[in-house]
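**Student:** Just so it is clear, I am handing over structure.tsv, which has TSV, C-alpha atoms.
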chain	number	residue	atom	x	y	z
A	1	MET	CA	0.00	0.00	0.00
A	2	ALA	CA	1.27	3.40	-0.97
A	3	ARG	CA	2.15	6.17	1.47
A	4	TRP	CA	1.52	9.33	-0.48
A	5	GLY	CA	3.85	12.26	-0.11
A	6	MET	CA	4.97	15.40	-1.84
A	7	ALA	CA	8.27	17.18	-2.35
A	8	ILE	CA	8.49	20.87	-3.23
A	9	ASP	CA	11.73	22.23	-4.61
A	10	LEU	CA	11.95	25.85	-3.45
A	11	ASP	CA	14.79	26.43	-5.89
A	12	ARG	CA	12.43	25.83	-8.74
A	13	CYS	CA	9.39	27.69	-7.37
A	14	THR	CA	9.02	31.07	-9.01
A	15	GLY	CA	5.99	32.13	-6.98
A	16	CYS	CA	3.77	32.35	-10.06
A	17	GLY	CA	0.63	31.23	-8.20
A	18	ASN	CA	-0.49	28.67	-10.78
A	19	CYS	CA	-0.79	26.04	-8.05
A	20	MET	CA	-3.27	28.18	-6.14
A	21	ALA	CA	-5.41	28.80	-9.21
A	22	ALA	CA	-5.38	25.15	-10.25
A	23	CYS	CA	-6.26	24.00	-6.74
A	24	HIS	CA	-9.19	26.42	-6.61
A	25	GLN	CA	-10.59	25.11	-9.84
A	26	GLU	CA	-9.95	21.44	-9.18
A	27	ASN	CA	-11.38	21.37	-5.70
A	28	ASN	CA	-14.42	23.62	-6.20
A	29	LEU	CA	-13.27	26.26	-3.76
A	30	ALA	CA	-15.75	29.10	-3.41
A	31	ALA	CA	-15.08	32.20	-5.49
A	32	VAL	CA	-15.58	35.18	-3.20
A	33	GLY	CA	-14.83	38.01	-5.64
A	34	PRO	CA	-12.48	40.98	-5.34
A	35	GLU	CA	-14.49	42.92	-2.76
A	36	GLN	CA	-14.71	40.05	-0.31
A	37	THR	CA	-11.06	39.23	-0.91
A	38	GLU	CA	-10.21	42.69	0.36
A	39	GLN	CA	-12.05	41.82	3.55
A	40	SER	CA	-9.84	38.72	3.92
A	41	ARG	CA	-12.65	36.32	3.09
A	42	ALA	CA	-10.77	34.46	0.37
A	43	PHE	CA	-9.39	31.11	1.40
A	44	HIS	CA	-7.12	28.59	-0.23
A	45	TRP	CA	-6.00	25.02	0.32
A	46	ILE	CA	-2.55	25.93	-0.95
A	47	ARG	CA	-1.12	29.39	-0.56
A	48	LEU	CA	2.16	31.09	-1.30
A	49	VAL	CA	3.81	32.43	1.79
A	50	ARG	CA	6.07	35.33	0.90
A	51	GLU	CA	9.14	36.15	2.94
A	52	VAL	CA	11.18	39.23	2.21
A	53	SER	CA	14.69	39.51	3.58
A	54	GLY	CA	17.45	42.06	3.22
A	55	SER	CA	17.20	45.80	2.89
A	56	ASP	CA	15.24	47.71	0.26
A	57	ALA	CA	18.06	47.89	-2.20
A	58	HIS	CA	19.09	44.25	-1.84
A	59	ALA	CA	15.82	42.61	-0.87
A	60	THR	CA	15.31	38.97	-1.71
A	61	VAL	CA	11.86	37.45	-1.88
A	62	ARG	CA	11.24	33.83	-1.16
A	63	TYR	CA	7.95	32.04	-1.83
A	64	THR	CA	6.92	28.88	-0.06
A	65	PRO	CA	3.84	27.00	-1.27
A	66	THR	CA	2.08	26.01	1.95
A	67	LEU	CA	-0.55	23.31	2.14
A	68	CYS	CA	-1.74	20.57	4.47
A	69	VAL	CA	1.40	18.53	5.12
A	70	GLN	CA	-0.58	15.31	5.78
A	71	CYS	CA	1.15	14.45	9.08
A	72	ASP	CA	1.68	10.83	10.04
A	73	ASP	CA	0.81	11.87	13.59
A	74	PRO	CA	-1.75	14.60	12.92
A	75	PRO	CA	-2.72	16.84	15.84
A	76	CYS	CA	-6.01	17.73	14.12
A	77	VAL	CA	-7.20	14.13	14.24
A	78	LYS	CA	-6.64	13.89	17.98
A	79	VAL	CA	-8.98	16.77	18.76
A	80	CYS	CA	-11.83	16.09	16.32
A	81	PRO	CA	-14.84	15.14	18.46
A	82	VAL	CA	-16.78	13.51	15.61
A	83	HIS	CA	-14.09	11.62	13.71
A	84	ALA	CA	-14.59	13.86	10.67
A	85	THR	CA	-10.86	14.16	10.16
A	86	TYR	CA	-8.76	11.03	10.35
A	87	LEU	CA	-5.61	9.42	9.01
A	88	SER	CA	-6.45	7.21	6.05
A	89	GLU	CA	-4.83	3.87	5.15
A	90	GLU	CA	-2.55	5.53	2.62
A	91	GLY	CA	-1.49	8.35	4.90
A	92	ILE	CA	-3.76	11.09	3.61
A	93	VAL	CA	-5.46	13.09	6.34
A	94	GLY	CA	-9.08	12.90	5.23
A	95	GLN	CA	-11.70	15.52	5.93
A	96	ILE	CA	-15.22	14.16	5.71
A	97	TYR	CA	-17.39	17.22	5.19
A	98	ALA	CA	-20.71	15.48	5.76
A	99	ARG	CA	-19.54	14.56	9.24
A	100	CYS	CA	-17.85	17.84	10.22
A	101	ILE	CA	-19.78	19.93	12.77
A	102	GLY	CA	-17.64	23.03	12.27
A	103	CYS	CA	-16.25	23.25	15.81
A	104	ARG	CA	-12.83	24.27	14.39
A	105	TYR	CA	-10.86	22.43	17.10
A	106	CYS	CA	-8.77	20.94	14.30
A	107	MET	CA	-7.93	24.39	12.96
A	108	ALA	CA	-6.72	25.43	16.39
A	109	ALA	CA	-4.68	22.25	16.77
A	110	CYS	CA	-3.01	22.42	13.34
A	111	PRO	CA	0.47	23.93	13.70
A	112	TYR	CA	0.65	24.54	9.96
A	113	ASN	CA	-2.48	26.67	9.65
A	114	ALA	CA	-3.51	24.40	6.80
A	115	LYS	CA	-7.23	24.15	7.39
A	116	VAL	CA	-9.78	26.71	6.34
A	117	PHE	CA	-13.33	27.45	7.39
A	118	ASN	CA	-15.97	29.13	5.30
A	119	TRP	CA	-18.09	31.47	7.38
A	120	TYR	CA	-20.40	32.36	4.52
A	121	GLU	CA	-22.54	30.33	2.17
A	122	PRO	CA	-20.25	29.87	-0.81
A	123	GLU	CA	-21.28	31.25	-4.16
A	124	TRP	CA	-20.41	30.08	-7.60
A	125	PRO	CA	-21.54	33.00	-9.73
A	126	GLY	CA	-22.89	32.47	-13.24
A	127	GLU	CA	-21.95	29.23	-14.87
A	128	LEU	CA	-19.29	28.38	-12.29
A	129	LYS	CA	-21.45	25.88	-10.42
A	130	LYS	CA	-22.15	23.90	-13.58
A	131	LYS	CA	-18.44	23.83	-14.27
A	132	SER	CA	-17.59	22.38	-10.90
A	133	ASN	CA	-15.52	19.23	-10.70
A	134	PRO	CA	-18.04	16.40	-10.18
A	135	ASP	CA	-15.48	14.27	-8.32
A	136	VAL	CA	-15.17	16.77	-5.49
A	137	SER	CA	-18.17	17.64	-3.34
A	138	LEU	CA	-19.40	21.21	-3.00
A	139	ARG	CA	-19.04	22.23	0.61
A	140	SER	CA	-21.58	24.41	2.33
A	141	HIS	CA	-20.59	27.03	4.88
A	142	GLY	CA	-19.79	25.92	8.41
A	143	VAL	CA	-17.45	23.05	7.67
A	144	VAL	CA	-13.68	22.86	7.81
A	145	GLU	CA	-11.95	22.07	4.55
A	146	LYS	CA	-8.40	21.29	3.57
A	147	CYS	CA	-6.08	19.87	0.95
A	148	THR	CA	-6.64	16.15	0.35
A	149	PHE	CA	-3.66	15.63	-1.98
A	150	CYS	CA	-6.35	15.55	-4.73
A	151	HIS	CA	-7.47	12.20	-3.40
A	152	HIS	CA	-10.06	11.83	-6.17
A	153	ARG	CA	-7.15	11.65	-8.61
A	154	VAL	CA	-5.62	8.88	-6.53
A	155	ASN	CA	-8.97	7.08	-6.77
A	156	HIS	CA	-9.01	7.45	-10.54
A	157	ALA	CA	-5.46	6.17	-10.87
A	158	ARG	CA	-6.25	3.23	-8.60
A	159	GLU	CA	-9.29	2.40	-10.70
A	160	GLN	CA	-7.27	2.51	-13.92
A	161	ALA	CA	-4.49	0.40	-12.41
A	162	ARG	CA	-6.98	-2.24	-11.22
A	163	ALA	CA	-8.64	-2.29	-14.64
A	164	GLU	CA	-5.26	-3.03	-16.19
A	165	ASP	CA	-4.29	-5.42	-13.37
A	166	ARG	CA	-1.15	-3.63	-12.28
A	167	GLU	CA	0.15	-1.35	-9.55
A	168	ILE	CA	-0.10	2.45	-9.76
A	169	ARG	CA	2.97	3.72	-11.58
A	170	ASP	CA	5.23	6.43	-10.22
A	171	GLY	CA	4.08	9.76	-11.60
A	172	GLU	CA	0.64	8.47	-12.51
A	173	VAL	CA	-1.07	10.43	-9.74
A	174	VAL	CA	-0.50	14.12	-10.23
A	175	PRO	CA	-2.36	16.57	-7.97
A	176	ALA	CA	-3.69	19.72	-9.63
A	177	CYS	CA	-0.98	21.94	-8.07
A	178	ALA	CA	1.83	19.72	-9.36
A	179	GLU	CA	0.21	19.44	-12.76
A	180	SER	CA	-0.07	23.20	-13.16
A	181	CYS	CA	3.44	24.05	-11.95
A	182	PRO	CA	5.43	25.33	-14.95
A	183	ALA	CA	8.74	24.80	-13.15
A	184	GLN	CA	7.96	21.25	-11.99
A	185	ALA	CA	8.72	22.31	-8.46
A	186	ILE	CA	6.13	19.92	-7.01
A	187	VAL	CA	6.55	16.15	-7.20
A	188	PHE	CA	4.00	13.68	-5.82
A	189	GLY	CA	4.23	9.95	-5.28
A	190	ASP	CA	4.71	7.00	-2.98
A	191	LEU	CA	7.22	7.67	-0.19
A	192	ASP	CA	7.56	3.95	0.52
A	193	ASP	CA	8.74	3.22	-3.01
A	194	PRO	CA	12.53	3.78	-3.00
A	195	GLU	CA	12.49	4.20	-6.78
A	196	SER	CA	9.90	6.98	-6.81
A	197	MET	CA	10.83	10.54	-7.65
A	198	VAL	CA	9.34	11.86	-4.46
A	199	SER	CA	11.36	9.53	-2.23
A	200	ALA	CA	14.53	10.43	-4.14
A	201	ARG	CA	13.83	14.09	-3.45
A	202	ALA	CA	12.96	13.33	0.17
A	203	ARG	CA	16.40	11.72	0.62
A	204	SER	CA	18.16	14.80	-0.74
A	205	PRO	CA	20.46	16.58	1.73
A	206	ARG	CA	18.48	19.73	0.97
A	207	ALA	CA	15.21	18.16	2.13
A	208	TYR	CA	13.51	19.20	5.32
A	209	ARG	CA	10.03	18.91	6.73
A	210	PRO	CA	8.26	21.91	8.29
A	211	HIS	CA	8.34	21.98	12.09
A	212	GLU	CA	10.00	18.61	12.36
A	213	ASP	CA	10.60	19.29	16.04
A	214	LEU	CA	6.88	18.94	16.75
A	215	GLY	CA	6.95	15.24	15.96
A	216	THR	CA	4.00	15.40	13.59
A	217	ARG	CA	5.98	13.62	10.85
A	218	PRO	CA	4.68	15.51	7.82
A	219	LYS	CA	4.67	13.92	4.37
A	220	VAL	CA	5.39	17.15	2.54
A	221	PHE	CA	9.11	17.74	2.07
A	222	TYR	CA	10.69	21.03	1.09
A	223	LEU	CA	14.02	21.24	-0.69
A	224	GLU	CA	15.72	24.35	0.59
A	225	GLU	CA	17.28	26.84	-1.72
A	226	GLN	CA	20.95	26.47	-2.54
A	227	GLU	CA	23.31	29.35	-1.94
B	1	MET	CA	-55.88	15.78	10.69
B	2	THR	CA	-54.31	12.95	12.66
B	3	ALA	CA	-50.88	11.60	11.81
B	4	ALA	CA	-52.45	8.48	10.34
B	5	GLY	CA	-54.81	10.63	8.31
B	6	ALA	CA	-51.90	12.65	6.96
B	7	LEU	CA	-50.16	9.46	5.89
B	8	PHE	CA	-53.29	8.17	4.24
B	9	ALA	CA	-53.68	11.42	2.32
B	10	LEU	CA	-50.20	10.92	0.89
B	11	SER	CA	-50.85	7.38	-0.31
B	12	PRO	CA	-49.72	6.40	-3.84
B	13	SER	CA	-53.12	7.22	-5.31
B	14	SER	CA	-52.83	10.80	-4.07
B	15	PRO	CA	-52.46	13.41	-6.82
B	16	LEU	CA	-49.99	15.36	-4.66
B	17	PRO	CA	-46.55	15.91	-6.21
B	18	GLN	CA	-44.20	13.10	-5.33
B	19	PRO	CA	-40.79	13.59	-3.80
B	20	ASP	CA	-37.61	12.42	-5.48
B	21	TRP	CA	-36.99	9.92	-2.77
B	22	LEU	CA	-38.84	7.37	-0.68
B	23	PRO	CA	-41.17	6.42	0.92
B	24	TRP	CA	-43.73	6.14	-1.85
B	25	ARG	CA	-43.51	4.86	-5.38
B	26	ILE	CA	-42.08	7.10	-8.04
B	27	GLN	CA	-44.22	7.27	-11.15
B	28	GLN	CA	-42.51	7.37	-14.51
B	29	PRO	CA	-43.96	9.32	-17.47
B	30	ILE	CA	-44.05	6.14	-19.56
B	31	ALA	CA	-44.67	2.62	-18.26
B	32	PHE	CA	-41.48	1.24	-19.77
B	33	ASN	CA	-41.33	-2.54	-20.10
B	34	HIS	CA	-37.84	-3.87	-19.32
B	35	ASN	CA	-38.96	-7.47	-19.82
B	36	VAL	CA	-39.80	-7.02	-23.52
B	37	HIS	CA	-36.51	-5.30	-24.25
B	38	VAL	CA	-34.22	-7.64	-22.34
B	39	GLU	CA	-35.88	-11.06	-22.24
B	40	GLU	CA	-37.65	-11.00	-25.60
B	41	LEU	CA	-35.52	-8.72	-27.75
B	42	GLY	CA	-32.23	-9.68	-26.17
B	43	PHE	CA	-30.82	-6.27	-25.29
B	44	GLU	CA	-28.05	-6.00	-22.70
B	45	CYS	CA	-28.36	-3.41	-19.92
B	46	VAL	CA	-25.44	-1.42	-21.31
B	47	ASP	CA	-26.98	-1.22	-24.80
B	48	CYS	CA	-29.28	1.49	-23.45
B	49	HIS	CA	-27.67	2.48	-20.12
B	50	LEU	CA	-24.51	3.65	-21.79
B	51	TYR	CA	-21.24	4.08	-19.91
B	52	ALA	CA	-22.33	1.83	-17.01
B	53	LEU	CA	-19.17	-0.22	-17.55
B	54	THR	CA	-16.79	2.48	-18.69
B	55	SER	CA	-17.55	5.60	-16.69
B	56	VAL	CA	-18.30	6.88	-13.23
B	57	ARG	CA	-21.94	7.48	-14.09
B	58	ALA	CA	-24.35	5.32	-16.06
B	59	THR	CA	-26.96	7.05	-18.18
B	60	ILE	CA	-30.72	6.80	-18.53
B	61	PRO	CA	-31.58	6.52	-22.24
B	62	ASN	CA	-33.69	9.22	-23.80
B	63	ILE	CA	-35.27	9.98	-27.17
B	64	GLU	CA	-31.97	10.08	-29.04
B	65	ASN	CA	-31.40	6.41	-28.11
B	66	CYS	CA	-35.04	5.32	-28.34
B	67	ALA	CA	-35.50	6.94	-31.76
B	68	ASP	CA	-33.30	4.26	-33.32
B	69	CYS	CA	-36.26	1.85	-33.08
B	70	HIS	CA	-39.28	3.92	-32.06
B	71	GLU	CA	-39.44	6.72	-34.60
B	72	GLU	CA	-42.49	4.85	-35.79
B	73	ALA	CA	-44.67	2.74	-33.52
B	74	GLN	CA	-43.65	-0.93	-33.41
B	75	THR	CA	-46.71	-2.11	-31.51
B	76	GLU	CA	-50.16	-0.88	-30.57
B	77	SER	CA	-49.16	-0.17	-27.00
B	78	PRO	CA	-50.48	3.17	-25.75
B	79	GLU	CA	-47.30	3.58	-23.71
B	80	GLU	CA	-45.19	3.29	-26.83
B	81	ALA	CA	-47.46	5.84	-28.52
B	82	LYS	CA	-46.45	8.31	-25.79
B	83	LEU	CA	-42.79	7.71	-26.59
B	84	VAL	CA	-43.39	8.18	-30.33
B	85	GLU	CA	-45.05	11.50	-29.50
B	86	TYR	CA	-42.06	12.62	-27.43
B	87	ILE	CA	-39.73	11.70	-30.30
B	88	ALA	CA	-41.90	13.45	-32.91
B	89	ALA	CA	-41.97	16.60	-30.77
B	90	GLY	CA	-38.22	16.36	-30.13
B	91	GLU	CA	-38.98	16.57	-26.44
B	92	LYS	CA	-37.00	14.71	-23.77
B	93	VAL	CA	-38.85	12.09	-21.72
B	94	PRO	CA	-38.79	13.38	-18.14
B	95	TRP	CA	-37.63	10.12	-16.57
B	96	ARG	CA	-37.23	10.26	-12.83
B	97	LYS	CA	-34.19	8.86	-11.08
B	98	ILE	CA	-34.85	6.38	-8.31
B	99	TYR	CA	-31.23	5.71	-7.36
B	100	ARG	CA	-29.41	8.67	-5.96
B	101	VAL	CA	-26.10	9.03	-4.15
B	102	PRO	CA	-25.47	12.35	-2.40
B	103	ASP	CA	-23.00	14.88	-3.71
B	104	HIS	CA	-20.46	14.05	-1.01
B	105	VAL	CA	-20.21	10.45	-2.15
B	106	TYR	CA	-17.99	9.26	-4.96
B	107	PHE	CA	-19.52	6.21	-6.58
B	108	SER	CA	-18.08	4.77	-9.77
B	109	HIS	CA	-20.16	2.38	-11.88
B	110	ARG	CA	-17.03	1.32	-13.74
B	111	ARG	CA	-15.26	0.43	-10.51
B	112	HIS	CA	-18.13	-1.81	-9.41
B	113	ALA	CA	-19.68	-3.21	-12.59
B	114	SER	CA	-16.63	-3.54	-14.78
B	115	ILE	CA	-13.53	-3.83	-12.60
B	116	GLY	CA	-15.30	-5.49	-9.66
B	117	ALA	CA	-17.42	-7.60	-12.08
B	118	ILE	CA	-20.55	-7.10	-9.99
B	119	GLU	CA	-23.68	-7.95	-11.98
B	120	CYS	CA	-26.20	-5.11	-12.41
B	121	GLU	CA	-28.83	-7.26	-10.67
B	122	VAL	CA	-26.89	-7.27	-7.39
B	123	CYS	CA	-27.85	-3.64	-6.75
B	124	HIS	CA	-30.68	-3.07	-9.22
B	125	GLY	CA	-32.56	-6.32	-8.64
B	126	PRO	CA	-34.28	-8.54	-11.20
B	127	ILE	CA	-35.04	-5.52	-13.34
B	128	ALA	CA	-35.05	-7.51	-16.57
B	129	GLU	CA	-38.16	-9.34	-15.42
B	130	GLN	CA	-40.17	-6.21	-14.72
B	131	VAL	CA	-43.00	-5.41	-17.10
B	132	LYS	CA	-43.51	-1.95	-15.65
B	133	PRO	CA	-41.21	0.59	-14.01
B	134	VAL	CA	-40.13	-0.05	-10.46
B	135	GLY	CA	-41.17	2.70	-8.09
B	136	ARG	CA	-38.52	2.23	-5.44
B	137	PRO	CA	-34.87	1.30	-5.40
B	138	TYR	CA	-34.34	-2.44	-5.09
B	139	TRP	CA	-31.38	-1.80	-2.85
B	140	ARG	CA	-30.98	1.55	-1.15
B	141	PRO	CA	-27.54	3.11	-1.55
B	142	THR	CA	-27.14	3.99	2.11
B	143	MET	CA	-23.79	4.03	3.90
B	144	ASP	CA	-24.77	0.99	5.99
B	145	ASN	CA	-25.56	-1.03	2.87
B	146	CYS	CA	-22.41	0.09	1.07
B	147	MET	CA	-20.17	-0.70	4.02
B	148	GLU	CA	-21.74	-4.07	4.64
B	149	CYS	CA	-21.04	-5.16	1.07
B	150	HIS	CA	-17.52	-3.70	1.19
B	151	GLU	CA	-16.83	-5.68	4.33
B	152	GLU	CA	-18.12	-8.93	2.85
B	153	SER	CA	-16.20	-8.53	-0.38
B	154	GLY	CA	-13.00	-7.33	1.23
B	155	ALA	CA	-13.18	-3.87	-0.38
B	156	SER	CA	-11.83	-0.96	1.63
B	157	ASN	CA	-14.06	0.92	4.03
B	158	ASP	CA	-11.59	3.79	4.32
B	159	CYS	CA	-13.61	7.05	4.35
B	160	VAL	CA	-11.69	8.89	1.62
B	161	TYR	CA	-12.25	6.10	-0.89
B	162	CYS	CA	-15.86	7.25	-1.21
B	163	HIS	CA	-15.92	10.73	0.33
B	164	ASP	CA	-13.97	13.59	-1.20
Would you give me this structure, written as structure tokens?

**Tutor:**
Amino acid sequence: MARWGMAIDLDRCTGCGNCMAACHQENNLAAVGPEQTEQSRAFHWIRLVREVSGSDAHATVRYTPTLCVQCDDPPCVKVCPVHATYLSEEGIVGQIYARCIGCRYCMAACPYNAKVFNWYEPEWPGELKKKSNPDVSLRSHGVVEKCTFCHHRVNHAREQARAEDREIRDGEVVPACAESCPAQAIVFGDLDDPESMVSARARSPRAYRPHEDLGTRPKVFYLEEQE
Amino acid sequence: MTAAGALFALSPSSPLPQPDWLPWRIQQPIAFNHNVHVEELGFECVDCHLYALTSVRATIPNIENCADCHEEAQTESPEEAKLVEYIAAGEKVPWRKIYRVPDHVYFSHRRHASIGAIECEVCHGPIAEQVKPVGRPYWRPTMDNCMECHEESGASNDCVYCHD
């Protein structure tokens, strides 16, 4: 059984924001419009965290795509009173919207700030609702949502592999963010497969996991920038 | 009105609009006869319910499929006459769905019927023997029922396999 993970090469990331746009579209995130965005009501499953260092004349900007890191020991799961968030067989931290009561304990427990909550009834203006991805449910307001590593794509790949009586190949499952990245900064695959691209990147001396000291054992690896 | 009276008023013979779901029988616009098509004419389920083996969703056939044979009446059946009228008017038959999985459930026909080789009858019942439309699901797609079958067949009951 696979243990899905992701590796993000910060050297390659240009901060273009394609991953955010692709994630929005793929996962039917609510479109709040420019006015509401100004009131901080926009939310994302993956966002680019910008860090500026240096003085004005010699400032350097660094972008880090931040998403749910799918911990192997997830703090959010421990606090959920209704078992709406849980660690799945293949290591993806699932969020079952139909079960979520919106208490937001998990958001408070998450050290990565990866979960989002929609306070308002989401709108899909015009034709947007008809263009939604049928494999991902439309969430109402009042539930916590988060990145699922595009689990519906894993399902599709699994289905195809079973139909052809084989295992899922490395690189067959590509989440929307990885697919849209023009610099191929994001790689997704099975961490338990020593041959996979993601495990090769995870073994790199540049690789680190966010807040490793917390013992949450994330499955998203970052490859730090080289000098 | 008492509770029993209210129930009686909503019996199948009531002209009140029917809901999309249980508890009473759903009436179809045409009394379609599965038995004639399958047992006598030898059609397979997937000849009309396209994509049941190849896609996530199966389809309910409509005039574009029926017109292949029913542009002109084949019999003297008044039910067929209704279909011929729909085809002549170019109007879709407003079939009503009796099987429904909620939006938060991912259910793939291909995964079950093709890859899992589960016969249509396992969930849809002896539909080929029916001479008129069934008004209720043979087997209700509830989470209990799904999980029971998954357990028996050794399929995964992991939440994210079906909920996304």

**Student:** Neighbours of A:His152 within 12 Å (only C-alpha atoms; same-chain residues fewer than 3 positions away dropped), as number ranges by chain?

**Tutor:** A: 26-27, 92, 94, 133-137, 147-149, 155-159, 173-176; B: 56, 104-108, 160-164

**Student:** Using all atoms listed in the file, which residues sit within 12 Å of B:Ala52 once same-chain residues fewer than 6 positions away are excluded, as a list in words?

**Tutor:**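 Using all atoms listed in the file, the neighbours found are Glu44, Cys45, Val46, Ala58, Thr59, Ile60, Pro61, Phe107, Ser108, His109, Arg110, Arg111, His112, Ala113, Ser114, Ile115, Ala117, Ile118, Glu119 and Cys120 of chain B.
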
**Student:** Counting all atoms listed in the file, which of A:Asp170, A:Asp72, A:Glu89, A:Glu127 gets nearest to chain B?

**Tutor:** A:Glu89

**Student:** Around the point (-13.6, 17.6, 2.3) in the file's coordinates, collect all residues with an atom within 7 Å, using only C-alpha atoms, and return them as a list in words.

**Tutor:**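 Output: Gln95, Ile96, Tyr97, Glu145 and Lys146 of chain A; Asp164 of chain B.
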
**Student:** Take atom CA of A:Arg209 and atom CA of A:Ile8 and report the distance between them in Å, one decimal.

**Tutor:**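 Going from atom CA of A:Arg209 over to atom CA of A:Ile8, I get 10.3 Å.
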
**Student:** In Å, with one decimal, what is the gap from atom CA of A:Arg217 to atom CA of A:Cys68?

**Tutor:** 12.2 Å

**Student:** Nearest residue to chain A out of B:Cys48, B:Val101, B:His70, B:Ala81, using all atoms listed in the file?

**Tutor:** B:Val101
